[in-house]
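Below is coords_25.txt, which holds compact mmCIF, C-alpha atoms.
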# COMPACT_ATOMS: atom_id res chain seq x y z
CA MET A 1 0.00 0.00 0.00
CA ARG A 2 1.15 3.52 -0.75
CA LEU A 3 1.18 6.33 1.79
CA LEU A 4 1.85 10.06 1.61
CA VAL A 5 3.58 11.52 4.67
CA VAL A 6 3.29 15.31 4.96
CA GLU A 7 5.76 16.58 7.58
CA ASP A 8 8.28 19.44 7.47
CA ASP A 9 10.33 18.46 10.53
CA PRO A 10 13.23 16.38 9.10
CA THR A 11 13.71 14.38 12.29
CA ILE A 12 10.07 13.35 12.48
CA SER A 13 9.72 12.76 8.74
CA HIS A 14 12.81 10.51 8.69
CA PHE A 15 11.44 8.53 11.64
CA LEU A 16 8.04 8.11 10.01
CA VAL A 17 9.25 7.29 6.51
CA LYS A 18 11.87 4.81 7.71
CA GLY A 19 9.49 3.07 10.11
CA LEU A 20 6.62 2.80 7.63
CA ARG A 21 8.87 1.47 4.89
CA GLU A 22 10.17 -1.17 7.29
CA GLU A 23 6.52 -2.18 7.80
CA GLY A 24 6.21 -2.81 4.06
CA TYR A 25 4.50 0.40 2.93
CA VAL A 26 5.53 2.40 -0.11
CA VAL A 27 5.98 5.95 1.23
CA ASP A 28 6.26 9.35 -0.43
CA LEU A 29 7.13 12.53 1.45
CA ALA A 30 5.93 16.12 1.08
CA GLU A 31 7.30 18.92 3.25
CA GLU A 32 4.95 21.83 2.60
CA GLY A 33 1.23 22.37 2.11
CA PRO A 34 0.98 23.22 -1.62
CA ALA A 35 3.35 20.38 -2.57
CA ALA A 36 1.28 17.96 -0.49
CA GLU A 37 -1.89 18.94 -2.33
CA GLU A 38 -0.21 18.52 -5.71
CA GLN A 39 1.16 15.07 -4.81
CA ALA A 40 -2.10 13.88 -3.26
CA LEU A 41 -4.09 14.86 -6.35
CA SER A 42 -1.61 13.55 -8.92
CA ALA A 43 -0.96 10.07 -7.48
CA THR A 44 -3.03 7.31 -5.87
CA TYR A 45 -2.53 6.86 -2.12
CA ASP A 46 -4.19 4.52 0.35
CA ALA A 47 -3.81 7.00 3.21
CA ILE A 48 -2.26 10.38 4.02
CA LEU A 49 -0.45 11.21 7.27
CA LEU A 50 -0.80 14.98 7.51
CA ASP A 51 0.96 17.33 9.93
CA VAL A 52 -0.91 20.50 10.88
CA LEU A 53 1.93 23.04 11.11
CA LEU A 54 3.30 23.23 7.58
CA PRO A 55 4.95 25.96 5.50
CA GLY A 56 2.90 27.39 2.66
CA ARG A 57 -0.48 26.12 3.89
CA ASP A 58 -1.35 24.40 7.15
CA GLY A 59 -2.76 20.91 7.39
CA PHE A 60 -6.29 22.14 8.02
CA GLY A 61 -6.23 24.05 4.72
CA VAL A 62 -4.63 21.17 2.85
CA CYS A 63 -7.22 18.68 4.09
CA ALA A 64 -10.13 21.00 3.32
CA ASN A 65 -8.83 21.67 -0.20
CA LEU A 66 -8.38 17.96 -0.90
CA ARG A 67 -11.93 17.21 0.21
CA GLU A 68 -13.27 20.08 -1.91
CA ALA A 69 -11.41 18.59 -4.87
CA GLY A 70 -13.29 15.32 -4.31
CA LEU A 71 -10.39 13.31 -2.87
CA ASP A 72 -11.61 10.78 -0.31
CA THR A 73 -8.29 9.22 0.67
CA PRO A 74 -8.23 8.55 4.45
CA VAL A 75 -6.35 11.29 6.33
CA LEU A 76 -4.66 10.81 9.70
CA MET A 77 -3.81 14.26 11.08
CA LEU A 78 -0.65 14.58 13.18
CA THR A 79 -0.06 17.59 15.43
CA ALA A 80 1.34 18.83 18.71
CA ARG A 81 -1.93 20.70 19.25
CA ASP A 82 -4.07 18.75 21.69
CA ALA A 83 -6.83 21.28 22.43
CA VAL A 84 -10.34 19.99 21.83
CA GLY A 85 -11.03 22.89 19.46
CA ASP A 86 -8.07 21.90 17.25
CA ARG A 87 -9.17 18.28 17.14
CA VAL A 88 -12.69 19.33 16.22
CA ARG A 89 -11.37 21.66 13.53
CA GLY A 90 -9.25 18.87 12.04
CA LEU A 91 -12.17 16.47 11.89
CA ASP A 92 -14.48 19.15 10.52
CA CYS A 93 -12.10 19.95 7.67
CA GLY A 94 -12.23 16.31 6.57
CA ALA A 95 -9.64 14.36 8.55
CA ASP A 96 -10.62 10.80 9.48
CA ASP A 97 -8.55 10.57 12.65
CA TYR A 98 -6.33 12.77 14.80
CA LEU A 99 -3.12 11.82 16.64
CA THR A 100 -1.29 14.24 18.93
CA LYS A 101 2.50 14.42 19.28
CA PRO A 102 4.42 12.87 20.84
CA PHE A 103 2.89 9.54 19.93
CA SER A 104 3.84 5.89 20.02
CA PHE A 105 4.75 4.45 16.64
CA ASP A 106 2.76 1.34 17.53
CA GLU A 107 -0.31 3.50 18.12
CA LEU A 108 0.21 5.26 14.79
CA LEU A 109 0.38 1.88 13.04
CA ALA A 110 -2.78 0.72 14.80
CA ARG A 111 -4.67 3.86 13.81
CA LEU A 112 -3.38 3.57 10.27
CA ARG A 113 -4.52 -0.06 10.03
CA ALA A 114 -7.94 0.97 11.31
CA LEU A 115 -8.19 3.67 8.64
CA LEU A 116 -7.15 1.25 5.93
CA ARG A 117 -9.72 -1.28 7.10
CA ARG A 118 -12.47 1.30 6.93
CA GLY A 119 -11.10 2.51 3.63
CA ARG A 120 -12.46 5.28 1.52
CA THR A 121 -16.14 5.98 1.21
CA ARG A 122 -16.17 3.91 -1.96
CA ALA A 123 -14.37 1.00 -0.22
CA LEU A 124 -11.08 1.26 -2.05
CA THR A 125 -9.49 -1.00 0.54
CA GLY A 126 -11.92 -3.81 -0.17
CA VAL A 127 -11.71 -5.97 -3.25
CA LEU A 128 -10.85 -4.28 -6.53
CA SER A 129 -12.14 -6.14 -9.56
CA HIS A 130 -11.27 -5.77 -13.22
CA GLY A 131 -12.18 -8.41 -15.76
CA PRO A 132 -11.02 -11.80 -14.43
CA LEU A 133 -8.77 -10.15 -11.82
CA ALA A 134 -9.65 -9.45 -8.19
CA VAL A 135 -7.29 -7.71 -5.78
CA ASP A 136 -7.93 -7.79 -2.03
CA THR A 137 -6.01 -4.72 -0.91
CA GLY A 138 -6.64 -5.40 2.77
CA GLY A 139 -5.18 -8.89 2.62
CA ARG A 140 -2.75 -8.02 -0.19
CA ARG A 141 -3.88 -11.02 -2.20
CA ALA A 142 -4.97 -11.40 -5.82
CA THR A 143 -6.93 -13.95 -7.79
CA LEU A 144 -7.37 -14.66 -11.49
CA GLU A 145 -10.77 -16.14 -12.36
CA GLY A 146 -11.08 -17.09 -8.69
CA ARG A 147 -7.70 -18.84 -8.55
CA PRO A 148 -5.04 -17.42 -6.18
CA LEU A 149 -2.04 -15.77 -7.82
CA GLU A 150 1.30 -16.44 -6.16
CA LEU A 151 2.95 -13.02 -6.32
CA THR A 152 6.02 -11.45 -4.78
CA ALA A 153 5.51 -8.18 -2.87
CA ALA A 154 6.68 -6.12 -5.87
CA GLU A 155 4.52 -8.11 -8.30
CA TYR A 156 1.52 -7.56 -6.04
CA ARG A 157 2.14 -3.80 -5.89
CA LEU A 158 2.48 -3.71 -9.67
CA LEU A 159 -0.81 -5.54 -10.16
CA GLU A 160 -2.58 -3.35 -7.60
CA VAL A 161 -1.57 -0.08 -9.26
CA LEU A 162 -2.56 -1.44 -12.68
CA VAL A 163 -5.98 -2.52 -11.40
CA ARG A 164 -6.56 0.73 -9.49
CA ARG A 165 -5.89 2.71 -12.66
CA ALA A 166 -7.25 0.27 -15.21
CA GLY A 167 -7.81 1.87 -18.59
CA GLN A 168 -5.20 4.56 -17.93
CA ILE A 169 -1.72 4.62 -19.43
CA LEU A 170 0.90 4.52 -16.68
CA SER A 171 4.41 5.69 -17.44
CA ARG A 172 7.34 3.60 -16.29
CA GLU A 173 8.18 6.34 -13.80
CA GLU A 174 4.68 6.23 -12.27
CA ILE A 175 4.85 2.46 -11.99
CA ALA A 176 8.32 2.56 -10.45
CA ASP A 177 7.13 5.08 -7.84
CA ALA A 178 4.28 2.78 -6.85
CA VAL A 179 6.16 -0.52 -6.94
CA PHE A 180 9.67 0.18 -5.67
CA ARG A 181 10.62 1.86 -2.43
CA ALA A 182 12.35 5.22 -2.55
CA GLY A 183 16.11 4.84 -2.35
CA GLU A 184 15.93 1.21 -3.46
CA GLU A 185 18.51 0.50 -6.15
CA THR A 186 16.79 -0.95 -9.20
CA PRO A 187 18.04 -1.45 -12.77
CA SER A 188 16.77 0.92 -15.44
CA ASN A 189 14.63 -1.83 -16.96
CA ALA A 190 13.16 -2.98 -13.63
CA VAL A 191 9.58 -2.02 -14.57
CA ASP A 192 9.75 -3.95 -17.85
CA VAL A 193 11.25 -6.94 -16.06
CA TYR A 194 8.47 -7.03 -13.45
CA VAL A 195 5.78 -6.56 -16.07
CA GLY A 196 7.27 -9.62 -17.75
CA TYR A 197 7.17 -11.56 -14.49
CA LEU A 198 3.54 -10.60 -13.92
CA ARG A 199 2.51 -11.46 -17.47
CA ARG A 200 3.98 -14.93 -17.06
CA LYS A 201 1.94 -15.47 -13.91
CA LEU A 202 -1.20 -14.32 -15.71
CA GLY A 203 -0.59 -17.05 -18.29
CA ALA A 204 -3.26 -17.08 -20.98
CA ASP A 205 -4.48 -13.70 -19.68
CA ALA A 206 -1.11 -11.98 -20.07
CA ALA A 207 -2.54 -9.78 -22.82
CA LEU A 208 -4.55 -7.93 -20.18
CA ILE A 209 -1.39 -5.85 -19.69
CA HIS A 210 -0.88 -3.77 -22.82
CA THR A 211 2.31 -2.03 -23.81
CA VAL A 212 1.72 1.47 -25.16
CA ARG A 213 4.86 2.12 -27.15
CA GLY A 214 6.77 5.16 -26.02
CA LEU A 215 4.45 5.81 -23.07
CA GLY A 216 4.21 2.83 -20.72
CA TYR A 217 1.64 0.21 -19.80
CA MET A 218 -2.09 -0.04 -19.22
CA LEU A 219 -4.48 -2.70 -18.00
CA ARG A 220 -7.45 -3.52 -20.19
CA ALA A 221 -10.00 -6.30 -19.89
CA ASP A 222 -10.61 -6.89 -23.57
CA GLY A 223 -7.50 -8.97 -24.24
CA GLY A 224 -6.21 -8.62 -27.78
CA ALA A 225 -2.77 -7.60 -28.92
CA GLY A 226 -0.18 -6.96 -26.23
CA GLU A 227 1.21 -3.75 -27.72
CA GLU A 228 -0.31 -0.49 -28.82
CA ARG A 229 0.94 2.69 -30.33
CA PRO A 230 -0.39 6.03 -29.08
CA GLY A 231 -3.55 6.77 -31.04
CA GLY A 232 -4.18 3.24 -32.24
CA ARG A 233 -3.08 -0.35 -32.41
CA ALA A 234 0.32 -1.38 -33.68
For the file at hand, write its structure as structure tokens.
Amino acid sequence: MRLLVVEDDPTISHFLVKGLREEGYVVDLAEEGPAAEEQALSATYDAILLDVLLPGRDGFGVCANLREAGLDTPVLMLTARDAVGDRVRGLDCGADDYLTKPFSFDELLARLRALLRRGRTRALTGVLSHGPLAVDTGGRRATLEGRPLELTAAEYRLLEVLVRRAGQILSREEIADAVFRAGEETPSNAVDVYVGYLRRKLGADAALIHTVRGLGYMLRADGGAGEERPGGRA
């Protein structure tokens, strides 16, 4: 699962990003309000950990703007402010939960798991279905025509991002951001290699993953040729 951490304190952000990555999450970091909004609206996240005191725009404003834009990603607000009025304001602007600093990392993980179980209002953390594929994002499992797929962690993340954005062309950079952890050394052709691995595991349904020459990959449910050119079939 992919998280966005919004925190401008380098000590706290390092602690959060390192700890969450060790728990198996893919984590991106934003350090100011406007950048957080841009990242949250341009990528797909399962949850956002949002500090209140941020440069550029505070967390209350960021959360309110994201909700006004129609984004329903779960938001866990983090702040040193523990007054009831601040907690109420955070919840009223659209946050799903509120955790005051200093906090236990175990408690943060527990609250995060609870948010992910509840998921978005449209149950993004339930089962995502596309054609013969079903992805259980809570259990991090996938099936093909009801049969379990044996996937590595990276293969699972690749399949999940393809299913979440089925019908959209994903660049190799977008896929790499979703599949591989930041700072992880990967060869330049890592995305192509993992697409190949996943296609082999899909067997007769490998053509669900289409190559769009010069742009990247997309998941479609109509089968057919495995490669397209922009604007039409090869």
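Distance annotation: of A:Pro10, A:Met1, A:His210, A:Val163, the residue with the minimal separation from Leu112 in chain A is A:Met1; atom set is all atoms listed in the file.
Nearest-residue note for Leu158 in chain A: choosing from A:Asp106, A:His130, A:Gln39, A:Tyr217, the minimum distance belongs to A:Tyr217, counting only C-alpha atoms.
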Polymer residues at most 12 Å from Gly59 in chain A, all atoms listed in the file, same-chain spacing of 6 or more positions, as a PDB file with C-alpha atoms, in the frame of the given file:
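See out_36.pdb below for the written result:
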ATOM      1  CA  VAL A   5       3.580  11.520   4.670  1.00  0.00           C
ATOM      2  CA  VAL A   6       3.290  15.310   4.960  1.00  0.00           C
ATOM      3  CA  GLU A   7       5.760  16.580   7.580  1.00  0.00           C
ATOM      4  CA  ASP A   8       8.280  19.440   7.470  1.00  0.00           C
ATOM      5  CA  ALA A  30       5.930  16.120   1.080  1.00  0.00           C
ATOM      6  CA  GLU A  31       7.300  18.920   3.250  1.00  0.00           C
ATOM      7  CA  GLU A  32       4.950  21.830   2.600  1.00  0.00           C
ATOM      8  CA  GLY A  33       1.230  22.370   2.110  1.00  0.00           C
ATOM      9  CA  PRO A  34       0.980  23.220  -1.620  1.00  0.00           C
ATOM     10  CA  ALA A  35       3.350  20.380  -2.570  1.00  0.00           C
ATOM     11  CA  ALA A  36       1.280  17.960  -0.490  1.00  0.00           C
ATOM     12  CA  GLU A  37      -1.890  18.940  -2.330  1.00  0.00           C
ATOM     13  CA  ILE A  48      -2.260  10.380   4.020  1.00  0.00           C
ATOM     14  CA  LEU A  49      -0.450  11.210   7.270  1.00  0.00           C
ATOM     15  CA  LEU A  50      -0.800  14.980   7.510  1.00  0.00           C
ATOM     16  CA  ASP A  51       0.960  17.330   9.930  1.00  0.00           C
ATOM     17  CA  VAL A  52      -0.910  20.500  10.880  1.00  0.00           C
ATOM     18  CA  LEU A  53       1.930  23.040  11.110  1.00  0.00           C
ATOM     19  CA  ASN A  65      -8.830  21.670  -0.200  1.00  0.00           C
ATOM     20  CA  LEU A  66      -8.380  17.960  -0.900  1.00  0.00           C
ATOM     21  CA  VAL A  75      -6.350  11.290   6.330  1.00  0.00           C
ATOM     22  CA  LEU A  76      -4.660  10.810   9.700  1.00  0.00           C
ATOM     23  CA  MET A  77      -3.810  14.260  11.080  1.00  0.00           C
ATOM     24  CA  LEU A  78      -0.650  14.580  13.180  1.00  0.00           C
ATOM     25  CA  THR A  79      -0.060  17.590  15.430  1.00  0.00           C
ATOM     26  CA  ARG A  81      -1.930  20.700  19.250  1.00  0.00           C
ATOM     27  CA  ASP A  86      -8.070  21.900  17.250  1.00  0.00           C
ATOM     28  CA  ARG A  87      -9.170  18.280  17.140  1.00  0.00           C
ATOM     29  CA  ARG A  89     -11.370  21.660  13.530  1.00  0.00           C
ATOM     30  CA  GLY A  90      -9.250  18.870  12.040  1.00  0.00           C
ATOM     31  CA  LEU A  91     -12.170  16.470  11.890  1.00  0.00           C
ATOM     32  CA  CYS A  93     -12.100  19.950   7.670  1.00  0.00           C
ATOM     33  CA  GLY A  94     -12.230  16.310   6.570  1.00  0.00           C
ATOM     34  CA  ALA A  95      -9.640  14.360   8.550  1.00  0.00           C
ATOM     35  CA  TYR A  98      -6.330  12.770  14.800  1.00  0.00           C
TER      36      TYR A  98
END
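Here CA of Val26 in chain A stands at a distance of 10.7 Å from CA of Ala176 in chain A.
Counting all atoms listed in the file and comparing A:Pro148, A:Gly196, A:Gly139, A:Pro132, the residue that lies closest to Arg220 in chain A is A:Pro132.
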Practice problem: Tell me which of A:Leu133, A:Leu198, A:Leu170, A:Ala206 sits closest to Tyr156 in chain A, counting only C-alpha atoms. | Solution: A:Leu198
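Here CA of Thr152 in chain A stands at a distance of 12.2 Å from CA of Phe180 in chain A.
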Quiz item: Of the residues A:Asp177, A:Asp205, A:Asp58, A:Asp192, which is the one nearest to Leu29 in chain A, using only C-alpha atoms?
Solution: A:Asp177
Quiz item: Using only C-alpha atoms, which of A:Arg165, A:Arg2, A:Lys201, A:His14 sits nearest Arg147 in chain A?
Solution: A:Lys201
Exercise. May I have the protein, DNA and RNA residues with any atom at most 12 Å from the point (-8.8, -6.5, -5.7), counting only C-alpha atoms, written as a ChimeraX atom specification?
Key: /A:123-146,148-149,156-157,159-166
Would you put the residues from that selection into a file with C-alpha atoms, as a CSV table (one decimal), keeping the file's coordinate frame?
chain,number,residue,atom,x,y,z
A,123,ALA,CA,-14.4,1.0,-0.2
A,124,LEU,CA,-11.1,1.3,-2.0
A,125,THR,CA,-9.5,-1.0,0.5
A,126,GLY,CA,-11.9,-3.8,-0.2
A,127,VAL,CA,-11.7,-6.0,-3.2
A,128,LEU,CA,-10.8,-4.3,-6.5
A,129,SER,CA,-12.1,-6.1,-9.6
A,130,HIS,CA,-11.3,-5.8,-13.2
A,131,GLY,CA,-12.2,-8.4,-15.8
A,132,PRO,CA,-11.0,-11.8,-14.4
A,133,LEU,CA,-8.8,-10.2,-11.8
A,134,ALA,CA,-9.6,-9.4,-8.2
A,135,VAL,CA,-7.3,-7.7,-5.8
A,136,ASP,CA,-7.9,-7.8,-2.0
A,137,THR,CA,-6.0,-4.7,-0.9
A,138,GLY,CA,-6.6,-5.4,2.8
A,139,GLY,CA,-5.2,-8.9,2.6
A,140,ARG,CA,-2.8,-8.0,-0.2
A,141,ARG,CA,-3.9,-11.0,-2.2
A,142,ALA,CA,-5.0,-11.4,-5.8
A,143,THR,CA,-6.9,-14.0,-7.8
A,144,LEU,CA,-7.4,-14.7,-11.5
A,145,GLU,CA,-10.8,-16.1,-12.4
A,146,GLY,CA,-11.1,-17.1,-8.7
A,148,PRO,CA,-5.0,-17.4,-6.2
A,149,LEU,CA,-2.0,-15.8,-7.8
A,156,TYR,CA,1.5,-7.6,-6.0
A,157,ARG,CA,2.1,-3.8,-5.9
A,159,LEU,CA,-0.8,-5.5,-10.2
A,160,GLU,CA,-2.6,-3.4,-7.6
A,161,VAL,CA,-1.6,-0.1,-9.3
A,162,LEU,CA,-2.6,-1.4,-12.7
A,163,VAL,CA,-6.0,-2.5,-11.4
A,164,ARG,CA,-6.6,0.7,-9.5
A,165,ARG,CA,-5.9,2.7,-12.7
A,166,ALA,CA,-7.2,0.3,-15.2
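Taking CA of Asp72 in chain A and CA of Leu109 in chain A as endpoints, the distance between them is 20.0 Å.
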Could you work out an axis-aligned box for range 25-36 of chain A, taking every atom the file lists and adding 6 Å on each side, and report centre and edge lengths in Å to one decimal, as JSON?
{"center_x": 4.1, "center_y": 11.8, "center_z": 0.3, "size_x": 18.3, "size_y": 34.8, "size_z": 17.8}
